[in-house]
file upload-v7.cif (mmCIF, C-alpha atoms)
data_input
#
loop_
_atom_site.group_PDB
_atom_site.id
_atom_site.type_symbol
_atom_site.label_atom_id
_atom_site.label_comp_id
_atom_site.auth_asym_id
_atom_site.auth_seq_id
_atom_site.Cartn_x
_atom_site.Cartn_y
_atom_site.Cartn_z
ATOM 1 C CA MET A 757 0.000 0.000 0.000
ATOM 2 C CA PRO A 758 1.397 3.465 -0.877
ATOM 3 C CA ALA A 759 2.562 5.484 2.132
ATOM 4 C CA LEU A 760 -0.044 8.239 1.701
ATOM 5 C CA ASP A 761 -2.926 6.028 0.620
ATOM 6 C CA GLY A 762 -6.170 7.574 1.869
ATOM 7 C CA ILE A 763 -5.017 11.200 1.955
ATOM 8 C CA ARG A 764 -7.070 13.375 -0.398
ATOM 9 C CA ILE A 765 -5.909 16.747 -1.734
ATOM 10 C CA LEU A 766 -7.804 19.509 -3.543
ATOM 11 C CA ASP A 767 -5.146 21.085 -5.710
ATOM 12 C CA MET A 768 -5.945 24.650 -6.822
ATOM 13 C CA THR A 769 -2.423 25.367 -8.052
ATOM 14 C CA GLN A 770 -0.821 26.396 -11.324
ATOM 15 C CA TYR A 771 2.542 26.394 -13.093
ATOM 16 C CA GLU A 772 5.117 24.741 -10.804
ATOM 17 C CA ALA A 773 5.480 25.807 -7.161
ATOM 18 C CA GLY A 774 2.152 24.275 -6.115
ATOM 19 C CA PRO A 775 1.968 21.465 -8.699
ATOM 20 C CA SER A 776 5.450 20.190 -7.756
ATOM 21 C CA CYS A 777 4.239 19.819 -4.171
ATOM 22 C CA THR A 778 1.039 17.983 -4.980
ATOM 23 C CA GLN A 779 2.720 15.756 -7.542
ATOM 24 C CA ALA A 780 5.309 14.621 -4.996
ATOM 25 C CA LEU A 781 2.479 13.753 -2.589
ATOM 26 C CA ALA A 782 0.629 11.966 -5.410
ATOM 27 C CA TRP A 783 3.673 9.823 -6.165
ATOM 28 C CA LEU A 784 3.640 8.831 -2.491
ATOM 29 C CA GLY A 785 0.047 7.686 -2.790
ATOM 30 C CA ALA A 786 -2.155 10.715 -2.089
ATOM 31 C CA ASP A 787 -5.274 11.146 -4.211
ATOM 32 C CA VAL A 788 -4.833 14.563 -5.835
ATOM 33 C CA VAL A 789 -7.700 16.232 -7.654
ATOM 34 C CA LYS A 790 -6.625 19.304 -9.577
ATOM 35 C CA ILE A 791 -9.084 22.187 -9.907
ATOM 36 C CA GLU A 792 -8.685 23.840 -13.308
ATOM 37 C CA PRO A 793 -10.454 26.758 -14.979
ATOM 38 C CA THR A 794 -13.048 25.874 -17.591
ATOM 39 C CA GLU A 795 -12.259 26.383 -21.281
ATOM 40 C CA THR A 796 -8.453 26.740 -21.068
ATOM 41 C CA GLY A 797 -7.515 24.649 -18.048
ATOM 42 C CA GLU A 798 -4.434 25.431 -15.965
ATOM 43 C CA PRO A 799 -2.190 27.895 -17.874
ATOM 44 C CA GLY A 800 0.762 25.502 -17.684
ATOM 45 C CA ARG A 801 -1.062 23.193 -20.097
ATOM 46 C CA SER A 802 -0.089 25.336 -23.081
ATOM 47 C CA LEU A 803 3.253 26.595 -21.780
ATOM 48 C CA ALA A 804 6.453 26.042 -23.760
ATOM 49 C CA VAL A 805 5.189 23.922 -26.677
ATOM 50 C CA GLY A 806 1.503 24.766 -26.909
ATOM 51 C CA GLY A 807 -1.450 22.416 -27.107
ATOM 52 C CA ASN A 808 -3.416 21.455 -24.018
ATOM 53 C CA TYR A 809 -1.019 18.877 -22.602
ATOM 54 C CA SER A 810 2.489 20.267 -22.957
ATOM 55 C CA ALA A 811 5.613 18.512 -21.699
ATOM 56 C CA TYR A 812 5.861 21.214 -19.045
ATOM 57 C CA PHE A 813 2.365 20.460 -17.754
ATOM 58 C CA CYS A 814 2.920 16.700 -17.849
ATOM 59 C CA ASN A 815 6.193 16.995 -15.928
ATOM 60 C CA TRP A 816 4.445 18.556 -12.933
ATOM 61 C CA ASN A 817 0.920 17.138 -13.123
ATOM 62 C CA ALA A 818 1.215 13.497 -14.109
ATOM 63 C CA ASN A 819 -0.488 11.120 -11.647
ATOM 64 C CA LYS A 820 -3.305 13.549 -10.780
ATOM 65 C CA ARG A 821 -6.962 13.805 -11.735
ATOM 66 C CA SER A 822 -8.632 17.037 -12.810
ATOM 67 C CA VAL A 823 -11.998 18.723 -12.523
ATOM 68 C CA ALA A 824 -12.947 21.933 -14.358
ATOM 69 C CA LEU A 825 -14.758 24.538 -12.247
ATOM 70 C CA ASP A 826 -15.605 28.144 -13.005
ATOM 71 C CA LEU A 827 -14.774 29.613 -9.598
ATOM 72 C CA THR A 828 -15.718 33.111 -10.768
ATOM 73 C CA LYS A 829 -19.364 32.041 -10.597
ATOM 74 C CA PRO A 830 -21.408 31.108 -7.499
ATOM 75 C CA ALA A 831 -22.292 27.688 -8.933
ATOM 76 C CA GLY A 832 -18.627 26.757 -9.322
ATOM 77 C CA ARG A 833 -17.739 27.911 -5.820
ATOM 78 C CA ASP A 834 -20.767 26.099 -4.390
ATOM 79 C CA LEU A 835 -19.650 22.841 -5.999
ATOM 80 C CA LEU A 836 -16.149 23.294 -4.576
ATOM 81 C CA MET A 837 -17.570 23.853 -1.092
ATOM 82 C CA ARG A 838 -19.647 20.676 -1.408
ATOM 83 C CA MET A 839 -16.528 18.731 -2.420
ATOM 84 C CA LEU A 840 -14.432 20.173 0.399
ATOM 85 C CA PRO A 841 -15.500 17.933 3.331
ATOM 86 C CA LYS A 842 -14.252 14.867 1.433
ATOM 87 C CA TYR A 843 -10.665 16.183 1.395
ATOM 88 C CA ASP A 844 -7.858 16.524 3.924
ATOM 89 C CA VAL A 845 -5.858 19.281 2.221
ATOM 90 C CA PHE A 846 -6.632 22.347 0.113
ATOM 91 C CA ILE A 847 -3.653 24.036 -1.545
ATOM 92 C CA GLU A 848 -3.380 27.137 -3.749
ATOM 93 C CA ASN A 849 -0.567 29.241 -5.187
ATOM 94 C CA TYR A 850 -2.452 31.964 -7.033
ATOM 95 C CA GLY A 851 -1.325 35.583 -7.027
ATOM 96 C CA PRO A 852 -1.955 38.001 -4.163
ATOM 97 C CA GLY A 853 -5.635 38.520 -3.383
ATOM 98 C CA VAL A 854 -7.041 35.948 -5.818
ATOM 99 C CA VAL A 855 -8.505 33.444 -3.328
ATOM 100 C CA GLU A 856 -9.927 36.331 -1.306
ATOM 101 C CA LYS A 857 -11.623 37.693 -4.414
ATOM 102 C CA LEU A 858 -13.057 34.238 -5.072
ATOM 103 C CA GLU A 859 -14.277 34.058 -1.454
ATOM 104 C CA LEU A 860 -12.182 30.938 -0.813
ATOM 105 C CA GLU A 861 -10.059 32.326 2.001
ATOM 106 C CA TYR A 862 -8.928 30.177 4.937
ATOM 107 C CA GLU A 863 -11.562 31.386 7.397
ATOM 108 C CA LYS A 864 -14.438 30.395 5.130
ATOM 109 C CA LEU A 865 -13.079 26.957 4.217
ATOM 110 C CA ALA A 866 -12.014 26.158 7.777
ATOM 111 C CA ALA A 867 -15.465 27.087 9.076
ATOM 112 C CA ALA A 868 -17.043 24.674 6.591
ATOM 113 C CA HIS A 869 -14.493 21.887 7.264
ATOM 114 C CA PRO A 870 -12.550 22.426 10.548
ATOM 115 C CA PRO A 871 -10.061 19.521 10.134
ATOM 116 C CA LEU A 872 -8.870 21.026 6.825
ATOM 117 C CA ILE A 873 -5.176 21.670 6.202
ATOM 118 C CA TYR A 874 -5.153 24.875 4.128
ATOM 119 C CA ALA A 875 -1.833 25.471 2.345
ATOM 120 C CA GLN A 876 -0.669 28.549 0.437
ATOM 121 C CA VAL A 877 2.466 29.263 -1.573
ATOM 122 C CA LYS A 878 3.101 32.984 -2.110
ATOM 123 C CA GLY A 879 6.047 34.822 -3.569
ATOM 124 C CA PHE A 880 6.655 36.995 -0.514
ATOM 125 C CA GLY A 881 4.050 35.785 1.977
ATOM 126 C CA ASN A 882 0.615 37.146 2.823
ATOM 127 C CA ASP A 883 1.835 40.168 4.771
ATOM 128 C CA GLY A 884 4.791 42.509 4.844
ATOM 129 C CA PRO A 885 5.988 45.212 2.434
ATOM 130 C CA TYR A 886 6.283 42.876 -0.579
ATOM 131 C CA ALA A 887 3.127 40.800 -0.049
ATOM 132 C CA HIS A 888 1.426 42.345 -3.090
ATOM 133 C CA TYR A 889 4.305 41.466 -5.427
ATOM 134 C CA LYS A 890 3.828 38.647 -7.916
ATOM 135 C CA ALA A 891 6.558 36.032 -8.211
ATOM 136 C CA TYR A 892 7.851 33.348 -10.517
ATOM 137 C CA ASP A 893 10.816 31.050 -10.048
ATOM 138 C CA MET A 894 13.427 33.501 -11.290
ATOM 139 C CA VAL A 895 12.006 36.298 -9.124
ATOM 140 C CA ALA A 896 12.333 34.143 -6.003
ATOM 141 C CA GLN A 897 15.852 33.111 -6.999
ATOM 142 C CA ALA A 898 16.853 36.723 -7.578
ATOM 143 C CA ALA A 899 15.329 37.961 -4.305
ATOM 144 C CA SER A 900 16.969 35.192 -2.278
ATOM 145 C CA GLY A 901 20.494 35.590 -3.656
ATOM 146 C CA ALA A 902 20.647 32.360 -5.693
ATOM 147 C CA PHE A 903 20.695 34.331 -8.946
ATOM 148 C CA ALA A 904 23.389 36.721 -7.689
ATOM 149 C CA SER A 905 25.709 33.984 -6.416
ATOM 150 C CA THR A 906 25.656 32.005 -9.681
ATOM 151 C CA GLY A 907 28.094 32.889 -12.449
ATOM 152 C CA GLU A 908 31.795 33.241 -13.205
ATOM 153 C CA LEU A 909 34.137 35.140 -10.916
ATOM 154 C CA GLY A 910 33.903 38.790 -11.936
ATOM 155 C CA GLY A 911 31.081 38.065 -14.384
ATOM 156 C CA LYS A 912 27.386 38.907 -14.426
ATOM 157 C CA PRO A 913 24.759 36.943 -12.450
ATOM 158 C CA LEU A 914 23.275 33.859 -14.119
ATOM 159 C CA LEU A 915 19.895 32.230 -13.574
ATOM 160 C CA PRO A 916 20.508 28.748 -12.076
ATOM 161 C CA GLY A 917 19.248 25.879 -14.209
ATOM 162 C CA PRO A 918 17.213 24.043 -11.526
ATOM 163 C CA THR A 919 13.934 25.783 -10.676
ATOM 164 C CA ILE A 920 14.443 25.785 -6.921
ATOM 165 C CA GLY A 921 12.318 28.925 -6.553
ATOM 166 C CA ASP A 922 9.301 26.900 -7.668
ATOM 167 C CA SER A 923 9.957 23.195 -7.128
ATOM 168 C CA GLY A 924 12.254 23.802 -4.154
ATOM 169 C CA THR A 925 9.421 25.659 -2.430
ATOM 170 C CA GLY A 926 7.032 22.898 -3.454
ATOM 171 C CA MET A 927 9.138 20.234 -1.747
ATOM 172 C CA GLN A 928 9.225 22.262 1.456
ATOM 173 C CA MET A 929 5.457 22.696 1.292
ATOM 174 C CA GLY A 930 5.019 18.956 0.859
ATOM 175 C CA MET A 931 6.956 18.347 4.070
ATOM 176 C CA ALA A 932 4.937 21.039 5.869
ATOM 177 C CA ILE A 933 1.656 19.456 4.764
ATOM 178 C CA LEU A 934 2.754 16.049 6.032
ATOM 179 C CA ALA A 935 3.824 17.578 9.350
ATOM 180 C CA ALA A 936 0.418 19.248 9.669
ATOM 181 C CA TYR A 937 -1.286 15.963 8.843
ATOM 182 C CA VAL A 938 0.673 14.132 11.571
ATOM 183 C CA GLN A 939 -0.282 16.883 14.008
ATOM 184 C CA ARG A 940 -3.930 16.525 12.983
ATOM 185 C CA LEU A 941 -3.771 12.791 13.710
ATOM 186 C CA ARG A 942 -2.739 13.718 17.250
ATOM 187 C CA THR A 943 -5.069 16.657 17.879
ATOM 188 C CA GLY A 944 -7.879 16.370 15.330
ATOM 189 C CA GLU A 945 -7.291 19.995 14.353
ATOM 190 C CA GLY A 946 -6.608 21.458 10.935
ATOM 191 C CA GLN A 947 -4.413 24.485 10.304
ATOM 192 C CA ARG A 948 -3.236 27.039 7.793
ATOM 193 C CA ILE A 949 0.246 26.759 6.252
ATOM 194 C CA GLU A 950 1.913 29.548 4.315
ATOM 195 C CA LEU A 951 5.259 29.475 2.512
ATOM 196 C CA SER A 952 7.093 32.379 0.906
ATOM 197 C CA MET A 953 9.049 31.401 -2.204
ATOM 198 C CA GLN A 954 11.728 33.985 -1.440
ATOM 199 C CA GLU A 955 12.235 32.656 2.076
ATOM 200 C CA ALA A 956 12.132 29.037 0.909
ATOM 201 C CA VAL A 957 15.031 29.578 -1.503
ATOM 202 C CA THR A 958 17.184 31.038 1.284
ATOM 203 C CA PHE A 959 17.050 27.535 2.808
ATOM 204 C CA TYR A 960 19.168 26.342 -0.121
ATOM 205 C CA MET A 961 21.572 29.285 0.137
ATOM 206 C CA ARG A 962 23.110 28.454 3.514
ATOM 207 C CA THR A 963 26.223 26.659 2.272
ATOM 208 C CA ARG A 964 27.117 29.463 -0.124
ATOM 209 C CA ILE A 965 26.499 32.014 2.626
ATOM 210 C CA ALA A 966 28.687 30.074 5.060
ATOM 211 C CA PHE A 967 31.591 30.142 2.581
ATOM 212 C CA ALA A 968 31.116 33.811 1.688
ATOM 213 C CA GLY A 969 34.032 35.015 3.800
ATOM 214 C CA ASN A 970 32.790 37.900 5.919
ATOM 215 C CA TRP A 971 29.548 36.197 6.948
ATOM 216 C CA GLY A 972 26.761 38.747 7.345
ATOM 217 C CA GLU A 973 28.934 41.618 6.155
ATOM 218 C CA GLN A 974 29.057 41.197 2.385
ATOM 219 C CA ALA A 975 27.077 39.660 -0.456
ATOM 220 C CA VAL A 976 27.919 36.106 -1.473
ATOM 221 C CA PRO A 977 30.434 36.354 -4.355
ATOM 222 C CA ARG A 978 30.161 34.587 -7.694
ATOM 223 C CA LEU A 979 32.847 31.897 -7.837
ATOM 224 C CA GLY A 980 32.038 29.987 -11.014
ATOM 225 C CA ASN A 981 33.124 26.365 -10.551
ATOM 226 C CA ILE A 982 35.505 27.107 -7.687
ATOM 227 C CA MET A 983 34.661 25.176 -4.548
ATOM 228 C CA GLY A 984 37.805 24.644 -2.557
ATOM 229 C CA ALA A 985 41.486 24.240 -3.445
ATOM 230 C CA ALA A 986 42.974 22.328 -6.391
ATOM 231 C CA PRO A 987 42.570 19.656 -7.625
ATOM 232 C CA THR A 988 38.911 20.469 -6.973
ATOM 233 C CA GLY A 989 37.561 21.980 -10.172
ATOM 234 C CA LEU A 990 36.065 21.457 -13.625
ATOM 235 C CA TYR A 991 38.242 19.856 -16.319
ATOM 236 C CA PRO A 992 37.651 19.376 -20.068
ATOM 237 C CA CYS A 993 37.487 15.844 -21.440
ATOM 238 C CA ALA A 994 38.139 14.342 -24.856
ATOM 239 C CA GLY A 995 35.255 14.789 -27.223
ATOM 240 C CA ASP A 996 34.998 18.559 -26.962
ATOM 241 C CA GLY A 997 31.209 18.410 -26.678
ATOM 242 C CA PRO A 998 29.228 20.981 -24.681
ATOM 243 C CA ASN A 999 29.029 18.600 -21.703
ATOM 244 C CA ASP A 1000 32.340 16.748 -22.054
ATOM 245 C CA TYR A 1001 33.689 17.856 -18.691
ATOM 246 C CA ALA A 1002 34.518 16.159 -15.421
ATOM 247 C CA TYR A 1003 34.159 17.777 -12.017
ATOM 248 C CA LEU A 1004 36.572 16.617 -9.328
ATOM 249 C CA ILE A 1005 36.116 17.422 -5.669
ATOM 250 C CA THR A 1006 38.574 16.617 -2.889
ATOM 251 C CA VAL A 1007 37.659 17.623 0.660
ATOM 252 C CA THR A 1008 39.928 15.519 2.888
ATOM 253 C CA ASP A 1009 43.562 14.429 2.624
ATOM 254 C CA ARG A 1010 42.386 10.884 1.960
ATOM 255 C CA HIS A 1011 40.382 12.092 -1.041
#

call {"tool": "encode", "arguments": {"input": "upload-v7.cif", "output": "C-alpha coordinates"}}
result
Amino acid sequence: MPALDGIRILDMTQYEAGPSCTQALAWLGADVVKIEPTETGEPGRSLAVGGNYSAYFCNWNANKRSVALDLTKPAGRDLLMRMLPKYDVFIENYGPGVVEKLELEYEKLAAAHPPLIYAQVKGFGNDGPYAHYKAYDMVAQAASGAFASTGELGGKPLLPGPTIGDSGTGMQMGMAILAAYVQRLRTGEGQRIELSMQEAVTFYMRTRIAFAGNWGEQAVPRLGNIMGAAPTGLYPCAGDGPNDYAYLITVTDRH
(Lines of atoms letter the chains of each structure in order from A and count residues from 1; the text may use other names and numbers.)
(Lines give C-alpha, C1' and ligand atoms only; values in the text may rest on other atoms or scores of the structure.)
Protein backbone atom coordinates (compact mmCIF):
# COMPACT_ATOMS: atom_id res chain seq x y z
CA MET A 1 0.00 0.00 0.00
CA PRO A 2 1.40 3.47 -0.88
CA ALA A 3 2.56 5.48 2.13
CA LEU A 4 -0.04 8.24 1.70
CA ASP A 5 -2.93 6.03 0.62
CA GLY A 6 -6.17 7.57 1.87
CA ILE A 7 -5.02 11.20 1.96
CA ARG A 8 -7.07 13.37 -0.40
CA ILE A 9 -5.91 16.75 -1.73
CA LEU A 10 -7.80 19.51 -3.54
CA ASP A 11 -5.15 21.09 -5.71
CA MET A 12 -5.95 24.65 -6.82
CA THR A 13 -2.42 25.37 -8.05
CA GLN A 14 -0.82 26.40 -11.32
CA TYR A 15 2.54 26.39 -13.09
CA GLU A 16 5.12 24.74 -10.80
CA ALA A 17 5.48 25.81 -7.16
CA GLY A 18 2.15 24.27 -6.12
CA PRO A 19 1.97 21.47 -8.70
CA SER A 20 5.45 20.19 -7.76
CA CYS A 21 4.24 19.82 -4.17
CA THR A 22 1.04 17.98 -4.98
CA GLN A 23 2.72 15.76 -7.54
CA ALA A 24 5.31 14.62 -5.00
CA LEU A 25 2.48 13.75 -2.59
CA ALA A 26 0.63 11.97 -5.41
CA TRP A 27 3.67 9.82 -6.17
CA LEU A 28 3.64 8.83 -2.49
CA GLY A 29 0.05 7.69 -2.79
CA ALA A 30 -2.16 10.71 -2.09
CA ASP A 31 -5.27 11.15 -4.21
CA VAL A 32 -4.83 14.56 -5.84
CA VAL A 33 -7.70 16.23 -7.65
CA LYS A 34 -6.63 19.30 -9.58
CA ILE A 35 -9.08 22.19 -9.91
CA GLU A 36 -8.68 23.84 -13.31
CA PRO A 37 -10.45 26.76 -14.98
CA THR A 38 -13.05 25.87 -17.59
CA GLU A 39 -12.26 26.38 -21.28
CA THR A 40 -8.45 26.74 -21.07
CA GLY A 41 -7.52 24.65 -18.05
CA GLU A 42 -4.43 25.43 -15.96
CA PRO A 43 -2.19 27.89 -17.87
CA GLY A 44 0.76 25.50 -17.68
CA ARG A 45 -1.06 23.19 -20.10
CA SER A 46 -0.09 25.34 -23.08
CA LEU A 47 3.25 26.59 -21.78
CA ALA A 48 6.45 26.04 -23.76
CA VAL A 49 5.19 23.92 -26.68
CA GLY A 50 1.50 24.77 -26.91
CA GLY A 51 -1.45 22.42 -27.11
CA ASN A 52 -3.42 21.46 -24.02
CA TYR A 53 -1.02 18.88 -22.60
CA SER A 54 2.49 20.27 -22.96
CA ALA A 55 5.61 18.51 -21.70
CA TYR A 56 5.86 21.21 -19.05
CA PHE A 57 2.36 20.46 -17.75
CA CYS A 58 2.92 16.70 -17.85
CA ASN A 59 6.19 16.99 -15.93
CA TRP A 60 4.45 18.56 -12.93
CA ASN A 61 0.92 17.14 -13.12
CA ALA A 62 1.22 13.50 -14.11
CA ASN A 63 -0.49 11.12 -11.65
CA LYS A 64 -3.31 13.55 -10.78
CA ARG A 65 -6.96 13.81 -11.73
CA SER A 66 -8.63 17.04 -12.81
CA VAL A 67 -12.00 18.72 -12.52
CA ALA A 68 -12.95 21.93 -14.36
CA LEU A 69 -14.76 24.54 -12.25
CA ASP A 70 -15.61 28.14 -13.01
CA LEU A 71 -14.77 29.61 -9.60
CA THR A 72 -15.72 33.11 -10.77
CA LYS A 73 -19.36 32.04 -10.60
CA PRO A 74 -21.41 31.11 -7.50
CA ALA A 75 -22.29 27.69 -8.93
CA GLY A 76 -18.63 26.76 -9.32
CA ARG A 77 -17.74 27.91 -5.82
CA ASP A 78 -20.77 26.10 -4.39
CA LEU A 79 -19.65 22.84 -6.00
CA LEU A 80 -16.15 23.29 -4.58
CA MET A 81 -17.57 23.85 -1.09
CA ARG A 82 -19.65 20.68 -1.41
CA MET A 83 -16.53 18.73 -2.42
CA LEU A 84 -14.43 20.17 0.40
CA PRO A 85 -15.50 17.93 3.33
CA LYS A 86 -14.25 14.87 1.43
CA TYR A 87 -10.66 16.18 1.39
CA ASP A 88 -7.86 16.52 3.92
CA VAL A 89 -5.86 19.28 2.22
CA PHE A 90 -6.63 22.35 0.11
CA ILE A 91 -3.65 24.04 -1.55
CA GLU A 92 -3.38 27.14 -3.75
CA ASN A 93 -0.57 29.24 -5.19
CA TYR A 94 -2.45 31.96 -7.03
CA GLY A 95 -1.32 35.58 -7.03
CA PRO A 96 -1.96 38.00 -4.16
CA GLY A 97 -5.64 38.52 -3.38
CA VAL A 98 -7.04 35.95 -5.82
CA VAL A 99 -8.51 33.44 -3.33
CA GLU A 100 -9.93 36.33 -1.31
CA LYS A 101 -11.62 37.69 -4.41
CA LEU A 102 -13.06 34.24 -5.07
CA GLU A 103 -14.28 34.06 -1.45
CA LEU A 104 -12.18 30.94 -0.81
CA GLU A 105 -10.06 32.33 2.00
CA TYR A 106 -8.93 30.18 4.94
CA GLU A 107 -11.56 31.39 7.40
CA LYS A 108 -14.44 30.39 5.13
CA LEU A 109 -13.08 26.96 4.22
CA ALA A 110 -12.01 26.16 7.78
CA ALA A 111 -15.47 27.09 9.08
CA ALA A 112 -17.04 24.67 6.59
CA HIS A 113 -14.49 21.89 7.26
CA PRO A 114 -12.55 22.43 10.55
CA PRO A 115 -10.06 19.52 10.13
CA LEU A 116 -8.87 21.03 6.82
CA ILE A 117 -5.18 21.67 6.20
CA TYR A 118 -5.15 24.88 4.13
CA ALA A 119 -1.83 25.47 2.34
CA GLN A 120 -0.67 28.55 0.44
CA VAL A 121 2.47 29.26 -1.57
CA LYS A 122 3.10 32.98 -2.11
CA GLY A 123 6.05 34.82 -3.57
CA PHE A 124 6.65 37.00 -0.51
CA GLY A 125 4.05 35.79 1.98
CA ASN A 126 0.61 37.15 2.82
CA ASP A 127 1.83 40.17 4.77
CA GLY A 128 4.79 42.51 4.84
CA PRO A 129 5.99 45.21 2.43
CA TYR A 130 6.28 42.88 -0.58
CA ALA A 131 3.13 40.80 -0.05
CA HIS A 132 1.43 42.35 -3.09
CA TYR A 133 4.30 41.47 -5.43
CA LYS A 134 3.83 38.65 -7.92
CA ALA A 135 6.56 36.03 -8.21
CA TYR A 136 7.85 33.35 -10.52
CA ASP A 137 10.82 31.05 -10.05
CA MET A 138 13.43 33.50 -11.29
CA VAL A 139 12.01 36.30 -9.12
CA ALA A 140 12.33 34.14 -6.00
CA GLN A 141 15.85 33.11 -7.00
CA ALA A 142 16.85 36.72 -7.58
CA ALA A 143 15.33 37.96 -4.31
CA SER A 144 16.97 35.19 -2.28
CA GLY A 145 20.49 35.59 -3.66
CA ALA A 146 20.65 32.36 -5.69
CA PHE A 147 20.70 34.33 -8.95
CA ALA A 148 23.39 36.72 -7.69
CA SER A 149 25.71 33.98 -6.42
CA THR A 150 25.66 32.01 -9.68
CA GLY A 151 28.09 32.89 -12.45
CA GLU A 152 31.79 33.24 -13.20
CA LEU A 153 34.14 35.14 -10.92
CA GLY A 154 33.90 38.79 -11.94
CA GLY A 155 31.08 38.07 -14.38
CA LYS A 156 27.39 38.91 -14.43
CA PRO A 157 24.76 36.94 -12.45
CA LEU A 158 23.27 33.86 -14.12
CA LEU A 159 19.89 32.23 -13.57
CA PRO A 160 20.51 28.75 -12.08
CA GLY A 161 19.25 25.88 -14.21
CA PRO A 162 17.21 24.04 -11.53
CA THR A 163 13.93 25.78 -10.68
CA ILE A 164 14.44 25.79 -6.92
CA GLY A 165 12.32 28.92 -6.55
CA ASP A 166 9.30 26.90 -7.67
CA SER A 167 9.96 23.19 -7.13
CA GLY A 168 12.25 23.80 -4.15
CA THR A 169 9.42 25.66 -2.43
CA GLY A 170 7.03 22.90 -3.45
CA MET A 171 9.14 20.23 -1.75
CA GLN A 172 9.22 22.26 1.46
CA MET A 173 5.46 22.70 1.29
CA GLY A 174 5.02 18.96 0.86
CA MET A 175 6.96 18.35 4.07
CA ALA A 176 4.94 21.04 5.87
CA ILE A 177 1.66 19.46 4.76
CA LEU A 178 2.75 16.05 6.03
CA ALA A 179 3.82 17.58 9.35
CA ALA A 180 0.42 19.25 9.67
CA TYR A 181 -1.29 15.96 8.84
CA VAL A 182 0.67 14.13 11.57
CA GLN A 183 -0.28 16.88 14.01
CA ARG A 184 -3.93 16.53 12.98
CA LEU A 185 -3.77 12.79 13.71
CA ARG A 186 -2.74 13.72 17.25
CA THR A 187 -5.07 16.66 17.88
CA GLY A 188 -7.88 16.37 15.33
CA GLU A 189 -7.29 19.99 14.35
CA GLY A 190 -6.61 21.46 10.94
CA GLN A 191 -4.41 24.49 10.30
CA ARG A 192 -3.24 27.04 7.79
CA ILE A 193 0.25 26.76 6.25
CA GLU A 194 1.91 29.55 4.31
CA LEU A 195 5.26 29.48 2.51
CA SER A 196 7.09 32.38 0.91
CA MET A 197 9.05 31.40 -2.20
CA GLN A 198 11.73 33.98 -1.44
CA GLU A 199 12.23 32.66 2.08
CA ALA A 200 12.13 29.04 0.91
CA VAL A 201 15.03 29.58 -1.50
CA THR A 202 17.18 31.04 1.28
CA PHE A 203 17.05 27.53 2.81
CA TYR A 204 19.17 26.34 -0.12
CA MET A 205 21.57 29.28 0.14
CA ARG A 206 23.11 28.45 3.51
CA THR A 207 26.22 26.66 2.27
CA ARG A 208 27.12 29.46 -0.12
CA ILE A 209 26.50 32.01 2.63
CA ALA A 210 28.69 30.07 5.06
CA PHE A 211 31.59 30.14 2.58
CA ALA A 212 31.12 33.81 1.69
CA GLY A 213 34.03 35.02 3.80
CA ASN A 214 32.79 37.90 5.92
CA TRP A 215 29.55 36.20 6.95
CA GLY A 216 26.76 38.75 7.35
CA GLU A 217 28.93 41.62 6.15
CA GLN A 218 29.06 41.20 2.38
CA ALA A 219 27.08 39.66 -0.46
CA VAL A 220 27.92 36.11 -1.47
CA PRO A 221 30.43 36.35 -4.35
CA ARG A 222 30.16 34.59 -7.69
CA LEU A 223 32.85 31.90 -7.84
CA GLY A 224 32.04 29.99 -11.01
CA ASN A 225 33.12 26.36 -10.55
CA ILE A 226 35.50 27.11 -7.69
CA MET A 227 34.66 25.18 -4.55
CA GLY A 228 37.80 24.64 -2.56
CA ALA A 229 41.49 24.24 -3.45
CA ALA A 230 42.97 22.33 -6.39
CA PRO A 231 42.57 19.66 -7.62
CA THR A 232 38.91 20.47 -6.97
CA GLY A 233 37.56 21.98 -10.17
CA LEU A 234 36.06 21.46 -13.63
CA TYR A 235 38.24 19.86 -16.32
CA PRO A 236 37.65 19.38 -20.07
CA CYS A 237 37.49 15.84 -21.44
CA ALA A 238 38.14 14.34 -24.86
CA GLY A 239 35.26 14.79 -27.22
CA ASP A 240 35.00 18.56 -26.96
CA GLY A 241 31.21 18.41 -26.68
CA PRO A 242 29.23 20.98 -24.68
CA ASN A 243 29.03 18.60 -21.70
CA ASP A 244 32.34 16.75 -22.05
CA TYR A 245 33.69 17.86 -18.69
CA ALA A 246 34.52 16.16 -15.42
CA TYR A 247 34.16 17.78 -12.02
CA LEU A 248 36.57 16.62 -9.33
CA ILE A 249 36.12 17.42 -5.67
CA THR A 250 38.57 16.62 -2.89
CA VAL A 251 37.66 17.62 0.66
CA THR A 252 39.93 15.52 2.89
CA ASP A 253 43.56 14.43 2.62
CA ARG A 254 42.39 10.88 1.96
CA HIS A 255 40.38 12.09 -1.04

call {"tool": "resolve_selection", "arguments": {"input": "upload-v7.cif", "expression": "the PyMOL selection byres ((chain A and resi 892-907) around 9)", "output": "MDAnalysis selection string"}}
result
chainID A and resid 772:773 879:880 890:891 908:916 919:923 952:958 960:961 964 975:981

call {"tool": "atom_distance", "arguments": {"input": "upload-v7.cif", "atom1": "atom CA of Val789 of chain A", "atom2": "atom CA of Gly853 of chain A"}}
result
22.8 Å

call {"tool": "atom_distance", "arguments": {"input": "upload-v7.cif", "atom1": "atom CA of Ala935 of chain A", "atom2": "atom CA of Tyr874 of chain A"}}
result
12.7 Å

call {"tool": "residues_around", "arguments": {"input": "upload-v7.cif", "residues": "Met927 of chain A", "least_positions_apart": "2", "cutoff": "8 Å", "atoms": "all atoms listed in the file", "output": "list of chain:residue names"}}
result
A:Ser776, A:Cys777, A:Ala780, A:Ser923, A:Gly924, A:Thr925, A:Met929, A:Gly930, A:Met931

call {"tool": "residues_around", "arguments": {"input": "upload-v7.cif", "residues": "segment 797-804 of chain A", "least_positions_apart": "4", "cutoff": "6 Å", "atoms": "only C-alpha atoms", "output": "ChimeraX atom specification"}}
result
/A:770-771,792-793,808-810,813

call {"tool": "resolve_selection", "arguments": {"input": "upload-v7.cif", "expression": "the PyMOL selection byres ((chain A and resi 865) around 12)", "output": "NGL selection string"}}
result
:A and (766 or 833-834 or 836-841 or 843-847 or 855-856 or 858-864 or 866-875 or 946-948)

call {"tool": "atom_distance", "arguments": {"input": "upload-v7.cif", "atom1": "atom CA of Arg821 of chain A", "atom2": "atom CA of Ile933 of chain A"}}
result
19.5 Å

call {"tool": "residues_around", "arguments": {"input": "upload-v7.cif", "residues": "Leu784 of chain A", "least_positions_apart": "2", "cutoff": "12 Å", "atoms": "only C-alpha atoms", "output": "list in words"}}
result
Met757, Pro758, Ala759, Leu760, Asp761, Gly762, Ile763, Arg764, Cys777, Thr778, Gln779, Ala780, Leu781, Ala782, Ala786, Asp787, Val788, Asn819, Lys820, Gly930 and Leu934 of chain A

call {"tool": "resolve_selection", "arguments": {"input": "upload-v7.cif", "expression": "the PyMOL selection byres ((chain A and resi 826) around 10)", "output": "list in words"}}
result
Ile791, Glu792, Pro793, Thr794, Glu795, Ala824, Leu825, Leu827, Thr828, Lys829, Pro830, Ala831, Gly832, Arg833, Leu835 and Leu836 of chain A

call {"tool": "axis_aligned_box", "arguments": {"input": "upload-v7.cif", "around": "segment 774-779 of chain A", "padding_each_side": "8 Å", "output": "JSON"}}
result
{"center_x": 3.2, "center_y": 20.0, "center_z": -6.4, "size_x": 20.4, "size_y": 24.5, "size_z": 20.5}
